[in-house]
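Student: Got a structure for you, written out below as structure tokens; questions coming shortly.
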Amino acid sequence: PASYDVEATQAKWQERWDKLDLFTADEAVVRSGEREKRYALTMFPYPSGDLHMGHAEVMALHDVIARYWWQQGHEVMNPMGWDSFGLPAENAAIKRNEHPATYTYANIETQYQSFKKYGISFDWSRRLHTSDEEYYHWTQWLFLKFRERGLAYRKNSAVNWCPNDQTVLANEQVVDGACERCGAEVTKRDLTQWYFKVTEYAQRLLDDMAPLEGRWPDRVLTAQRNWIGRSEGAHVDFDLNLADGSTQTVTVYTTRPDTLFGATFMVVAADAALATEIVAPSQADALAAYVVEVRKENDISRLATDKPKTGVDLGVTAVNPVTGEQIPVWAADYVLADYGTGAIMAVPAHDQRDLDFARAFDLPVRRVIDVPGAENPEESGIATAGNGVYVNSGSLDGLDDKAAGIRATIDLLEERKTGSGAVNFRLRDWLLSRQRFWGCPIPIIHCEKCGEVPVPEDQLPVVLPELTGAELKPKGTSPLAAATDWVNVDCPSCGGPAKRDTDTMDTFVDSSWYFLRYCSPKFEGGPFDPADVKLWGPVDQYVGGLEHAVLHLLYSRFFTKVLHDMGMIDFVEPFTALLGQGVVINEGKKMSKSLGNGVNLGEQIDKFGVDAVRLTLVFASPPEDNIDWADVSPEASLKFLKRAWRLSGDVTSEPGTSVDGGDVALRRVTHKTVHECTDLLERHRFNVVVARTMELVNATRKAIDSGCGAADPAVREAVETVAILLSLVAPYTAEEMWERLGHEPSVAKAGWPVVDESLLVADTVTAIVQIQGKVRARLEVAPSISEADLEALALADAGVQRALEGKQVRKVIVKAPKLVNIVAG
Ligand code: ANZ
Ligand code: ZN
């Protein structure tokens, strides 16, 4: 054909690829040592609609890596599935009055067809859906194993509540005080809920980040580090004198034990049980009224430094363990109940929040560090946090170094047994219960006699009950409770009447181990076959959005460590390398319905074809950067693909023709391109790979039209190289070119071109220009330069012209490309 028919090419190759079955990863060739394994993974989607531009981008980038690995001769496992439980699909289903299952599986089918059309090198034999019974069977099994290890437990506490989604949320799902999913402002509720004990792994989650340095984006590592929030300091015990004459010890956590001599009052989180426990009867009503107000606030506003301080005097005193002074104890919102111990020693001179509080309630301020050049906070109202000389601090007086002060205080506390050095983490346990229908049921039975009883393993999975219509809707308590036949069961332990747990699990539980299931998706003896995970794991390259920096990417690390400790896997980090792509925006703004600036992927594909859309996304920017659809041109991409395609029709030499003796200039361009692209691919500079491919196409076109001509074997070599490079980005065009070049499919397995190093060496030579036998200039010229061109260059050289001033050129002897001899006089 004379022109490139995008539609027909897509249809043709979709059918052929199905038959060719190119990308089913084979354990046998890895076991035999024939090929090295590579595990390429991209985050699986929620089935809450058809694929959109964001999916298209991440898949296009990810596929470059997977396909490059295949070309390099590796056995690549590149699976895909669906994160099919959860709020996005459930909310959408409810809106349409459909059952979440019907809606979810219909969308999965739609997305599956889109994926196939999109031509990603997925291994579909490993397809999984987390909402399938055969999958969530093992989510439940893992929950029970975690519980056996003390890593899943129930407790009552004030939890984050999304009033819109009508369910609790994990801390990680509260972003700036709002629900991560719907943006509604999050409030607090007292509830008994299930937790995973992530805190037990806090230190290891930090330590194991070292090898990820440079392989994961810095901002993800930083986000995780901050989220885990390790700090070093001390626990200090204060004896409280309560209103009824009794005493009680309260421990505070501080990062500045060295300021203990300046602790002039104590503050307890108003909403902590401790406040209500210790409050004097005369202050109890004031506290209760205050707590009602505090509950309405989120943590961010509570900790804000710029807001007026509020609090209630609890009417009790505490003894400062080093000064022996009686100091007042207050309740306030700026101390959080679930951080540290929920109580602080307030050092107003050296902590601004404490100072603001002291000023608001007329509490004493005492400077204990004299910071050179800083005003005394007692007068200035500005707390000082820097290094200085200790004053009013007993045995510390005269020291002038923070670290020494901290060490000395901890020694003092430990000696007197009123405290000790301590490490604190900001990380909280992961709240996993959800009051929603579309999730994995928690496999626990509650028996009045026996308490929590795990569902026996041979009775897993606990399958979701059949509910319909209004029963499915969120109502603040779990919809599963409506299925009374399902809820009421015999206790597996005593046989008495008991009830199933009616909450479902956070969907992030499902996605915390899916990458392991892919290794043996049909395995019936456990969540995965350890031998297969040993073969494929860990994931060599993970590609996806970074909005899950402290959610999925932290939870998966936690699961991996637990499974390692259970002896089921032999690695401790799930994702060896992580690439986070930017987002596709339009006209400078995030695509949204309200702005009406959405770009429909299907329409773009219909208009320009899959390859042009993919190429546009890869070419637009480095993977990490955002892509503004207003700045790119899929039309230009299509034009380029047509240019490339046309080359394949021009080649006249036979496949397999020896390239020896082919045009050296073009060969140099080809080999330099491959050499550079290999390096660019390793560094994920995929946009530059496309640019280099474009240059190679131009050079080849020029060689055909005005250079060595289409019959030169160097032209075939160049066009074959273009096809292989394009196979990473534009698979349809690449296949079509490969076929037109006389090869059997598939170009996906053609193999990466081997670079001839001798063609990479500098492609210039030095020409010497002599006048009367004296060297006057050295010129870098192409080895193929003509005698006439070299003579002209030599005579135009500034140094040569100076030497010739006032003289007449009598004779020029040119020996291209090395020598020009000028005789003048
Ligand atoms: C006395 C002190 C003096 C403090 C000083 C700071 C400066 P990070 O680094 O985030 O761990 N704190 C402890 N528990 C708290 C709670 N539940 N809610 C709010 N604040 C709390 O912070 C530790 C510091 O935050 C602790 O050290 C404590 O104040 C405060 F010049 O103790 B510090
Ligand atoms: Zn029982």
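Residue numbering restarts at 1 for every chain of the structure tokens, chains are lettered A, B, ... in their displayed order, and ligands are numbered from 1 as they appear.
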Which residues are close to stretch 145-162 of chain A, i.e. within 10 Å by only C-alpha atoms, leaving aside same-chain residues fewer than 2 positions away? Reply as a short mmCIF file (atom, residue, chain, number, x, y, z; two decimals) with all heavy atoms, in the first residue's frame.
Tutor:
data_model
loop_
_atom_site.label_atom_id
_atom_site.label_comp_id
_atom_site.auth_asym_id
_atom_site.auth_seq_id
_atom_site.Cartn_x
_atom_site.Cartn_y
_atom_site.Cartn_z
N THR A 139 -6.61 -13.09 50.84
CA THR A 139 -6.53 -11.85 51.62
C THR A 139 -6.99 -12.16 53.05
O THR A 139 -6.38 -11.73 54.03
CB THR A 139 -7.40 -10.75 50.98
OG1 THR A 139 -7.05 -10.61 49.60
CG2 THR A 139 -7.22 -9.42 51.69
N GLN A 140 -8.05 -12.95 53.12
CA GLN A 140 -8.57 -13.33 54.45
C GLN A 140 -7.58 -14.23 55.18
O GLN A 140 -7.35 -14.08 56.39
CB GLN A 140 -9.92 -14.04 54.30
CG GLN A 140 -11.01 -13.10 53.79
CD GLN A 140 -12.34 -13.79 53.52
OE1 GLN A 140 -12.41 -15.03 53.41
NE2 GLN A 140 -13.40 -13.00 53.40
N TRP A 141 -7.01 -15.12 54.46
CA TRP A 141 -6.02 -16.05 55.06
C TRP A 141 -4.85 -15.24 55.63
O TRP A 141 -4.39 -15.49 56.74
CB TRP A 141 -5.56 -17.02 53.97
CG TRP A 141 -4.62 -18.09 54.42
CD1 TRP A 141 -4.96 -19.33 54.91
CD2 TRP A 141 -3.17 -18.03 54.42
NE1 TRP A 141 -3.82 -20.04 55.20
CE2 TRP A 141 -2.71 -19.28 54.92
CE3 TRP A 141 -2.23 -17.09 54.05
CZ2 TRP A 141 -1.35 -19.58 55.05
CZ3 TRP A 141 -0.88 -17.38 54.18
CH2 TRP A 141 -0.46 -18.60 54.67
N LEU A 142 -4.38 -14.27 54.87
CA LEU A 142 -3.26 -13.45 55.33
C LEU A 142 -3.65 -12.65 56.58
O LEU A 142 -2.88 -12.54 57.53
CB LEU A 142 -2.80 -12.48 54.22
CG LEU A 142 -2.03 -13.14 53.07
CD1 LEU A 142 -1.92 -12.21 51.88
CD2 LEU A 142 -0.63 -13.57 53.55
N PHE A 143 -4.88 -12.13 56.57
CA PHE A 143 -5.36 -11.39 57.75
C PHE A 143 -5.26 -12.30 58.99
O PHE A 143 -4.78 -11.89 60.05
CB PHE A 143 -6.81 -10.94 57.53
CG PHE A 143 -7.46 -10.38 58.76
CD1 PHE A 143 -7.36 -9.03 59.06
CD2 PHE A 143 -8.18 -11.20 59.64
CE1 PHE A 143 -7.95 -8.50 60.20
CE2 PHE A 143 -8.76 -10.69 60.78
CZ PHE A 143 -8.65 -9.34 61.07
N ASN A 164 -19.00 11.76 54.20
CA ASN A 164 -19.56 11.58 52.86
C ASN A 164 -19.55 10.10 52.46
O ASN A 164 -20.58 9.54 52.08
CB ASN A 164 -18.75 12.41 51.86
CG ASN A 164 -19.27 12.25 50.45
OD1 ASN A 164 -20.47 12.30 50.22
ND2 ASN A 164 -18.36 12.05 49.51
N ASP A 165 -18.41 9.46 52.60
CA ASP A 165 -18.32 8.03 52.25
C ASP A 165 -18.85 7.15 53.38
O ASP A 165 -18.98 5.93 53.22
CB ASP A 165 -16.87 7.66 51.92
CG ASP A 165 -16.42 8.25 50.60
OD1 ASP A 165 -17.25 8.35 49.69
OD2 ASP A 165 -15.24 8.62 50.48
N GLN A 166 -19.14 7.74 54.53
CA GLN A 166 -19.72 7.02 55.65
C GLN A 166 -18.91 5.81 56.07
O GLN A 166 -19.43 4.71 56.25
CB GLN A 166 -21.15 6.58 55.31
CG GLN A 166 -22.01 7.74 54.91
CD GLN A 166 -23.31 7.80 55.68
OE1 GLN A 166 -23.57 6.97 56.54
NE2 GLN A 166 -24.09 8.80 55.43
N THR A 167 -17.63 6.05 56.19
CA THR A 167 -16.76 4.97 56.64
C THR A 167 -15.55 5.58 57.34
O THR A 167 -15.27 6.76 57.17
CB THR A 167 -16.28 4.09 55.46
OG1 THR A 167 -15.46 3.04 55.97
CG2 THR A 167 -15.48 4.90 54.44
N VAL A 168 -14.88 4.75 58.12
CA VAL A 168 -13.64 5.21 58.74
C VAL A 168 -12.54 5.22 57.68
O VAL A 168 -12.67 4.58 56.64
CB VAL A 168 -13.20 4.33 59.94
CG1 VAL A 168 -14.26 4.34 61.02
CG2 VAL A 168 -12.86 2.94 59.50
N LEU A 169 -11.48 5.94 57.99
CA LEU A 169 -10.34 6.02 57.07
C LEU A 169 -9.06 5.81 57.86
O LEU A 169 -9.00 6.15 59.05
CB LEU A 169 -10.27 7.41 56.43
CG LEU A 169 -11.47 7.88 55.60
CD1 LEU A 169 -11.30 9.34 55.22
CD2 LEU A 169 -11.60 7.03 54.33
N ALA A 170 -8.04 5.30 57.19
CA ALA A 170 -6.72 5.21 57.81
C ALA A 170 -6.11 6.62 57.83
O ALA A 170 -6.50 7.47 57.03
CB ALA A 170 -5.83 4.28 57.02
N ASN A 171 -5.17 6.86 58.73
CA ASN A 171 -4.49 8.16 58.76
C ASN A 171 -3.93 8.52 57.40
O ASN A 171 -3.92 9.68 56.99
CB ASN A 171 -3.33 8.14 59.77
CG ASN A 171 -3.84 8.18 61.19
OD1 ASN A 171 -5.00 8.51 61.43
ND2 ASN A 171 -2.96 7.86 62.12
N GLN A 173 -5.10 7.97 54.63
CA GLN A 173 -6.14 8.37 53.67
C GLN A 173 -6.73 9.74 54.00
O GLN A 173 -7.68 10.17 53.37
CB GLN A 173 -7.25 7.31 53.64
CG GLN A 173 -6.80 6.06 52.90
CD GLN A 173 -7.64 4.85 53.22
OE1 GLN A 173 -8.20 4.73 54.29
NE2 GLN A 173 -7.71 3.93 52.28
N VAL A 174 -6.17 10.38 55.01
CA VAL A 174 -6.60 11.74 55.34
C VAL A 174 -5.51 12.69 54.86
O VAL A 174 -4.39 12.67 55.34
CB VAL A 174 -6.80 11.89 56.86
CG1 VAL A 174 -7.29 13.30 57.19
CG2 VAL A 174 -7.77 10.85 57.37
N GLY A 177 -6.43 16.96 56.22
CA GLY A 177 -7.70 17.00 56.95
C GLY A 177 -8.91 16.56 56.15
O GLY A 177 -10.03 16.60 56.64
N ALA A 178 -8.68 16.15 54.89
CA ALA A 178 -9.81 15.77 54.04
C ALA A 178 -9.67 14.32 53.56
O ALA A 178 -8.58 13.77 53.52
CB ALA A 178 -9.91 16.69 52.84
N CYS A 179 -10.80 13.73 53.19
CA CYS A 179 -10.82 12.35 52.69
C CYS A 179 -10.04 12.27 51.38
O CYS A 179 -10.28 13.06 50.45
CB CYS A 179 -12.25 11.89 52.47
SG CYS A 179 -12.41 10.32 51.62
N GLU A 180 -9.13 11.33 51.31
CA GLU A 180 -8.26 11.18 50.14
C GLU A 180 -9.08 10.92 48.88
O GLU A 180 -8.70 11.30 47.79
CB GLU A 180 -7.30 10.02 50.42
CG GLU A 180 -6.39 9.63 49.30
CD GLU A 180 -6.56 8.20 48.84
OE1 GLU A 180 -7.33 7.43 49.47
OE2 GLU A 180 -5.95 7.85 47.83
N ARG A 181 -10.22 10.27 49.03
CA ARG A 181 -11.04 9.88 47.89
C ARG A 181 -11.99 10.97 47.44
O ARG A 181 -12.08 11.32 46.29
CB ARG A 181 -11.87 8.64 48.24
CG ARG A 181 -11.13 7.34 48.12
CD ARG A 181 -11.02 6.94 46.68
NE ARG A 181 -10.37 5.69 46.37
CZ ARG A 181 -9.64 4.89 47.12
NH1 ARG A 181 -9.42 5.22 48.29
NH2 ARG A 181 -9.14 3.77 46.73
N CYS A 182 -12.75 11.53 48.40
CA CYS A 182 -13.84 12.41 48.00
C CYS A 182 -13.61 13.86 48.41
O CYS A 182 -14.35 14.75 48.00
CB CYS A 182 -15.16 11.92 48.56
SG CYS A 182 -15.35 12.19 50.33
N GLY A 183 -12.60 14.13 49.24
CA GLY A 183 -12.30 15.51 49.60
C GLY A 183 -13.14 16.06 50.75
O GLY A 183 -12.93 17.20 51.16
N ALA A 184 -14.07 15.27 51.27
CA ALA A 184 -14.90 15.77 52.38
C ALA A 184 -14.03 15.94 53.63
O ALA A 184 -13.05 15.21 53.82
CB ALA A 184 -16.03 14.79 52.67
N GLU A 185 -14.40 16.91 54.47
CA GLU A 185 -13.63 17.13 55.69
C GLU A 185 -13.84 15.96 56.64
O GLU A 185 -14.96 15.52 56.88
CB GLU A 185 -14.03 18.44 56.34
CG GLU A 185 -13.05 18.80 57.43
CD GLU A 185 -13.25 20.21 57.98
OE1 GLU A 185 -13.84 21.04 57.26
OE2 GLU A 185 -12.82 20.44 59.11
N VAL A 186 -12.73 15.47 57.16
CA VAL A 186 -12.78 14.28 58.00
C VAL A 186 -13.04 14.67 59.45
O VAL A 186 -12.48 15.63 59.96
CB VAL A 186 -11.45 13.51 57.87
CG1 VAL A 186 -11.35 12.39 58.89
CG2 VAL A 186 -11.31 12.96 56.45
N THR A 187 -13.93 13.91 60.11
CA THR A 187 -14.22 14.16 61.53
C THR A 187 -13.76 12.96 62.34
O THR A 187 -13.24 12.00 61.78
CB THR A 187 -15.71 14.40 61.76
OG1 THR A 187 -16.42 13.25 61.28
CG2 THR A 187 -16.18 15.64 61.01
N LYS A 188 -13.99 13.00 63.65
CA LYS A 188 -13.54 11.89 64.51
C LYS A 188 -14.75 11.14 65.07
O LYS A 188 -15.80 11.74 65.33
CB LYS A 188 -12.72 12.45 65.67
CG LYS A 188 -11.39 13.01 65.24
CD LYS A 188 -10.32 11.95 65.17
CE LYS A 188 -9.00 12.58 64.75
NZ LYS A 188 -7.92 11.61 64.64
N ARG A 189 -14.58 9.85 65.28
CA ARG A 189 -15.60 9.03 65.91
C ARG A 189 -14.93 8.02 66.81
O ARG A 189 -13.86 7.51 66.48
CB ARG A 189 -16.38 8.23 64.85
CG ARG A 189 -17.57 8.93 64.36
CD ARG A 189 -18.57 7.92 63.81
NE ARG A 189 -19.70 8.65 63.27
CZ ARG A 189 -20.76 8.12 62.72
NH1 ARG A 189 -20.84 6.80 62.62
NH2 ARG A 189 -21.74 8.86 62.27
N ASP A 190 -15.59 7.69 67.89
CA ASP A 190 -15.08 6.64 68.76
C ASP A 190 -15.60 5.30 68.28
O ASP A 190 -16.80 5.07 68.28
CB ASP A 190 -15.58 6.87 70.20
CG ASP A 190 -14.50 7.54 71.03
OD1 ASP A 190 -13.32 7.20 70.84
OD2 ASP A 190 -14.85 8.40 71.86
N LEU A 191 -14.71 4.42 67.83
CA LEU A 191 -15.18 3.13 67.32
C LEU A 191 -14.16 2.04 67.64
O LEU A 191 -12.97 2.29 67.77
CB LEU A 191 -15.33 3.20 65.80
CG LEU A 191 -16.53 3.96 65.22
CD1 LEU A 191 -16.39 4.04 63.71
CD2 LEU A 191 -17.85 3.27 65.60
N THR A 192 -14.67 0.83 67.76
CA THR A 192 -13.80 -0.33 67.90
C THR A 192 -13.52 -0.87 66.51
O THR A 192 -14.45 -1.22 65.78
CB THR A 192 -14.47 -1.41 68.77
OG1 THR A 192 -14.75 -0.83 70.03
CG2 THR A 192 -13.57 -2.61 68.93
N GLN A 193 -12.26 -0.88 66.14
CA GLN A 193 -11.90 -1.20 64.77
C GLN A 193 -10.67 -2.11 64.72
O GLN A 193 -9.91 -2.18 65.68
CB GLN A 193 -11.56 0.10 64.02
CG GLN A 193 -12.70 1.10 63.99
CD GLN A 193 -13.74 0.77 62.94
OE1 GLN A 193 -13.50 0.96 61.77
NE2 GLN A 193 -14.88 0.25 63.36
N TRP A 194 -10.50 -2.74 63.55
CA TRP A 194 -9.33 -3.59 63.33
C TRP A 194 -8.14 -2.76 62.85
O TRP A 194 -8.31 -1.85 62.05
CB TRP A 194 -9.63 -4.65 62.28
CG TRP A 194 -10.48 -5.75 62.80
CD1 TRP A 194 -11.84 -5.87 62.65
CD2 TRP A 194 -10.06 -6.89 63.56
NE1 TRP A 194 -12.28 -7.02 63.28
CE2 TRP A 194 -11.20 -7.65 63.84
CE3 TRP A 194 -8.82 -7.33 64.04
CZ2 TRP A 194 -11.15 -8.84 64.57
CZ3 TRP A 194 -8.77 -8.51 64.76
CH2 TRP A 194 -9.92 -9.25 65.03
N TYR A 195 -6.98 -3.14 63.34
CA TYR A 195 -5.74 -2.45 62.95
C TYR A 195 -4.67 -3.47 62.56
O TYR A 195 -4.62 -4.57 63.14
CB TYR A 195 -5.18 -1.64 64.11
CG TYR A 195 -6.00 -0.43 64.49
CD1 TYR A 195 -7.13 -0.56 65.29
CD2 TYR A 195 -5.65 0.83 64.04
CE1 TYR A 195 -7.90 0.54 65.63
CE2 TYR A 195 -6.40 1.95 64.38
CZ TYR A 195 -7.53 1.81 65.17
OH TYR A 195 -8.27 2.90 65.50
N PHE A 196 -3.80 -3.07 61.64
CA PHE A 196 -2.55 -3.80 61.42
C PHE A 196 -1.47 -3.06 62.18
O PHE A 196 -1.37 -1.83 62.11
CB PHE A 196 -2.17 -3.84 59.93
CG PHE A 196 -2.90 -4.88 59.14
CD1 PHE A 196 -3.48 -4.55 57.92
CD2 PHE A 196 -2.99 -6.20 59.58
CE1 PHE A 196 -4.14 -5.51 57.16
CE2 PHE A 196 -3.65 -7.16 58.83
CZ PHE A 196 -4.23 -6.82 57.62
N LYS A 197 -0.62 -3.83 62.83
CA LYS A 197 0.40 -3.23 63.68
C LYS A 197 1.64 -2.82 62.88
O LYS A 197 2.72 -3.39 63.04
CB LYS A 197 0.79 -4.25 64.75
CG LYS A 197 1.21 -3.62 66.05
CD LYS A 197 1.43 -4.74 67.05
CE LYS A 197 1.49 -4.29 68.47
NZ LYS A 197 1.47 -5.46 69.37
N VAL A 198 1.47 -1.84 62.02
CA VAL A 198 2.59 -1.36 61.19
C VAL A 198 3.70 -0.79 62.07
O VAL A 198 4.87 -0.85 61.71
CB VAL A 198 2.12 -0.26 60.21
CG1 VAL A 198 3.19 0.03 59.19
CG2 VAL A 198 0.84 -0.68 59.52
N THR A 199 3.30 -0.24 63.21
CA THR A 199 4.28 0.43 64.07
C THR A 199 5.39 -0.52 64.52
O THR A 199 6.51 -0.10 64.76
CB THR A 199 3.61 1.03 65.31
OG1 THR A 199 2.79 0.02 65.92
CG2 THR A 199 2.73 2.22 64.94
N GLU A 200 5.06 -1.81 64.59
CA GLU A 200 6.09 -2.77 64.99
C GLU A 200 7.22 -2.82 63.97
O GLU A 200 8.33 -3.24 64.27
CB GLU A 200 5.47 -4.15 65.17
CG GLU A 200 6.38 -5.10 65.90
CD GLU A 200 5.63 -6.32 66.44
OE1 GLU A 200 4.59 -6.13 67.09
OE2 GLU A 200 6.11 -7.44 66.19
N ASP A 271 -8.74 15.50 74.53
CA ASP A 271 -9.58 14.37 74.18
C ASP A 271 -8.96 13.02 74.54
O ASP A 271 -9.49 11.98 74.17
CB ASP A 271 -9.91 14.41 72.68
CG ASP A 271 -8.66 14.53 71.82
OD1 ASP A 271 -7.61 15.03 72.32
OD2 ASP A 271 -8.71 14.13 70.63
N ALA A 272 -7.83 13.04 75.26
CA ALA A 272 -7.25 11.77 75.71
C ALA A 272 -8.00 11.30 76.96
O ALA A 272 -8.47 12.12 77.77
CB ALA A 272 -5.78 11.96 76.04
N ALA A 273 -8.12 9.99 77.11
CA ALA A 273 -8.81 9.44 78.28
C ALA A 273 -8.17 9.97 79.57
O ALA A 273 -8.86 10.23 80.57
CB ALA A 273 -8.74 7.91 78.25
N ARG A 295 -13.17 17.97 69.44
CA ARG A 295 -13.51 16.86 68.53
C ARG A 295 -13.87 17.31 67.12
O ARG A 295 -13.83 16.53 66.19
CB ARG A 295 -14.72 16.10 69.12
CG ARG A 295 -14.38 15.29 70.32
CD ARG A 295 -14.09 13.89 69.86
NE ARG A 295 -13.30 13.20 70.85
CZ ARG A 295 -13.64 12.04 71.36
NH1 ARG A 295 -14.74 11.44 70.99
NH2 ARG A 295 -12.86 11.46 72.23
N ASN A 298 -9.67 19.08 63.05
CA ASN A 298 -8.77 18.03 62.57
C ASN A 298 -7.36 18.32 63.09
O ASN A 298 -7.07 19.40 63.60
CB ASN A 298 -8.82 17.91 61.05
CG ASN A 298 -8.33 19.15 60.35
OD1 ASN A 298 -7.30 19.72 60.72
ND2 ASN A 298 -9.05 19.58 59.33
N ALA A 337 -3.84 13.35 71.15
CA ALA A 337 -4.02 12.20 72.04
C ALA A 337 -3.18 11.00 71.60
O ALA A 337 -2.72 10.22 72.44
CB ALA A 337 -5.50 11.84 72.11
N ASP A 338 -3.01 10.86 70.28
CA ASP A 338 -2.39 9.62 69.83
C ASP A 338 -0.95 9.81 69.37
O ASP A 338 -0.44 9.05 68.55
CB ASP A 338 -3.23 8.97 68.73
CG ASP A 338 -3.33 9.86 67.51
OD1 ASP A 338 -2.85 11.01 67.56
OD2 ASP A 338 -3.89 9.40 66.50
N ASP A 429 -0.69 2.75 63.77
CA ASP A 429 -1.12 1.49 63.19
C ASP A 429 -2.18 1.75 62.12
O ASP A 429 -2.86 2.77 62.12
CB ASP A 429 -1.64 0.57 64.29
CG ASP A 429 -0.48 -0.07 65.05
OD1 ASP A 429 0.63 -0.12 64.48
OD2 ASP A 429 -0.67 -0.51 66.20
N TRP A 430 -2.28 0.82 61.21
CA TRP A 430 -3.12 0.97 60.02
C TRP A 430 -4.54 0.48 60.32
O TRP A 430 -4.73 -0.70 60.56
CB TRP A 430 -2.46 0.19 58.89
CG TRP A 430 -3.23 -0.01 57.63
CD1 TRP A 430 -4.38 0.61 57.24
CD2 TRP A 430 -2.87 -0.90 56.56
NE1 TRP A 430 -4.76 0.17 56.01
CE2 TRP A 430 -3.86 -0.75 55.57
CE3 TRP A 430 -1.81 -1.78 56.36
CZ2 TRP A 430 -3.82 -1.49 54.38
CZ3 TRP A 430 -1.77 -2.51 55.17
CH2 TRP A 430 -2.77 -2.37 54.19
N LEU A 431 -5.45 1.43 60.31
CA LEU A 431 -6.85 1.09 60.57
C LEU A 431 -7.42 0.44 59.31
O LEU A 431 -7.48 1.08 58.27
CB LEU A 431 -7.61 2.37 60.91
CG LEU A 431 -8.97 2.24 61.58
CD1 LEU A 431 -9.46 3.61 62.02
CD2 LEU A 431 -9.99 1.56 60.74
N LEU A 432 -7.83 -0.79 59.41
CA LEU A 432 -8.22 -1.49 58.19
C LEU A 432 -9.71 -1.77 58.04
O LEU A 432 -10.15 -2.19 56.97
CB LEU A 432 -7.41 -2.78 58.04
CG LEU A 432 -7.74 -3.92 59.01
CD1 LEU A 432 -8.58 -4.97 58.30
CD2 LEU A 432 -6.45 -4.56 59.49
N SER A 433 -10.51 -1.58 59.09
CA SER A 433 -11.96 -1.85 58.96
C SER A 433 -12.64 -0.76 58.14
O SER A 433 -12.29 0.40 58.25
CB SER A 433 -12.65 -1.87 60.32
OG SER A 433 -11.89 -2.49 61.30
N GLU A 452 -13.38 -13.16 70.13
CA GLU A 452 -13.07 -13.19 68.70
C GLU A 452 -12.63 -14.60 68.31
O GLU A 452 -11.67 -15.10 68.85
CB GLU A 452 -11.87 -12.29 68.39
CG GLU A 452 -12.12 -10.83 68.52
CD GLU A 452 -10.79 -10.05 68.50
OE1 GLU A 452 -9.74 -10.63 68.13
OE2 GLU A 452 -10.82 -8.88 68.88
N PRO A 454 -11.41 -16.83 64.98
CA PRO A 454 -11.12 -16.80 63.54
C PRO A 454 -11.95 -17.84 62.80
O PRO A 454 -12.19 -18.94 63.33
CB PRO A 454 -9.63 -17.13 63.47
CG PRO A 454 -9.29 -17.76 64.78
CD PRO A 454 -10.28 -17.28 65.80
N GLY A 476 -23.36 4.37 57.61
CA GLY A 476 -22.63 4.68 58.83
C GLY A 476 -22.31 3.44 59.64
O GLY A 476 -21.38 3.43 60.43
N PHE A 559 3.73 -5.40 54.26
CA PHE A 559 3.30 -6.78 53.99
C PHE A 559 4.50 -7.66 53.62
O PHE A 559 4.62 -8.79 54.06
CB PHE A 559 2.27 -6.80 52.85
CG PHE A 559 0.85 -6.96 53.35
CD1 PHE A 559 0.30 -6.00 54.18
CD2 PHE A 559 0.08 -8.05 52.98
CE1 PHE A 559 -1.01 -6.13 54.65
CE2 PHE A 559 -1.22 -8.20 53.45
CZ PHE A 559 -1.76 -7.24 54.29
N VAL A 562 6.47 -8.67 56.66
CA VAL A 562 5.79 -9.68 57.48
C VAL A 562 5.90 -11.05 56.81
O VAL A 562 6.21 -12.05 57.44
CB VAL A 562 4.32 -9.29 57.73
CG1 VAL A 562 3.62 -10.39 58.52
CG2 VAL A 562 4.22 -7.95 58.46
N LEU A 563 5.65 -11.07 55.49
CA LEU A 563 5.72 -12.35 54.78
C LEU A 563 7.13 -12.92 54.80
O LEU A 563 7.32 -14.14 54.86
CB LEU A 563 5.23 -12.17 53.33
CG LEU A 563 3.71 -11.97 53.26
CD1 LEU A 563 3.29 -11.40 51.91
CD2 LEU A 563 2.99 -13.31 53.50
N MET A 566 7.49 -14.47 58.05
CA MET A 566 6.73 -15.73 58.11
C MET A 566 7.46 -16.84 57.35
O MET A 566 6.99 -17.98 57.31
CB MET A 566 5.33 -15.53 57.49
CG MET A 566 4.39 -14.74 58.39
SD MET A 566 2.90 -14.18 57.50
CE MET A 566 2.12 -15.76 57.16
#
Student: Write out as a list in words each polymer residue (protein, DNA or RNA) that has an atom no more than 9 Å from ligand 2, with only C-alpha atoms and all ligand atoms counted.
Tutor: Ile445, His446, Cys447, Glu448, Lys449, Cys450, Gly451, Glu452, Val453, Asp490, Cys491, Pro492, Ser493, Cys494, Gly495, Gly496, Pro497 and Ala498 of chain A
Student: Any residue with an atom at most 8 Å from ligand 1 counts, using only C-alpha atoms and all ligand atoms. Which are they? Put them as a PyMOL selection string.
Tutor: chain A and resi 229-233+252-257+259-260+263+268-269+303+334-351+384-385+424-426
Student: At what distance in Å, to one decimal, does atom CA of A:Asp176 lie from atom CA of A:Asp299?
Tutor: 8.8 Å
Student: Can you list, as a PyMOL selection string, every protein, DNA or RNA residue that comes within 10 Å of stretch 394-400 of chain A when you count only C-alpha atoms, leaving out same-chain residues fewer than 3 positions away?
Tutor: chain A and resi 258-259+261+322-323+368-371+387-391+403-406+408-409+412
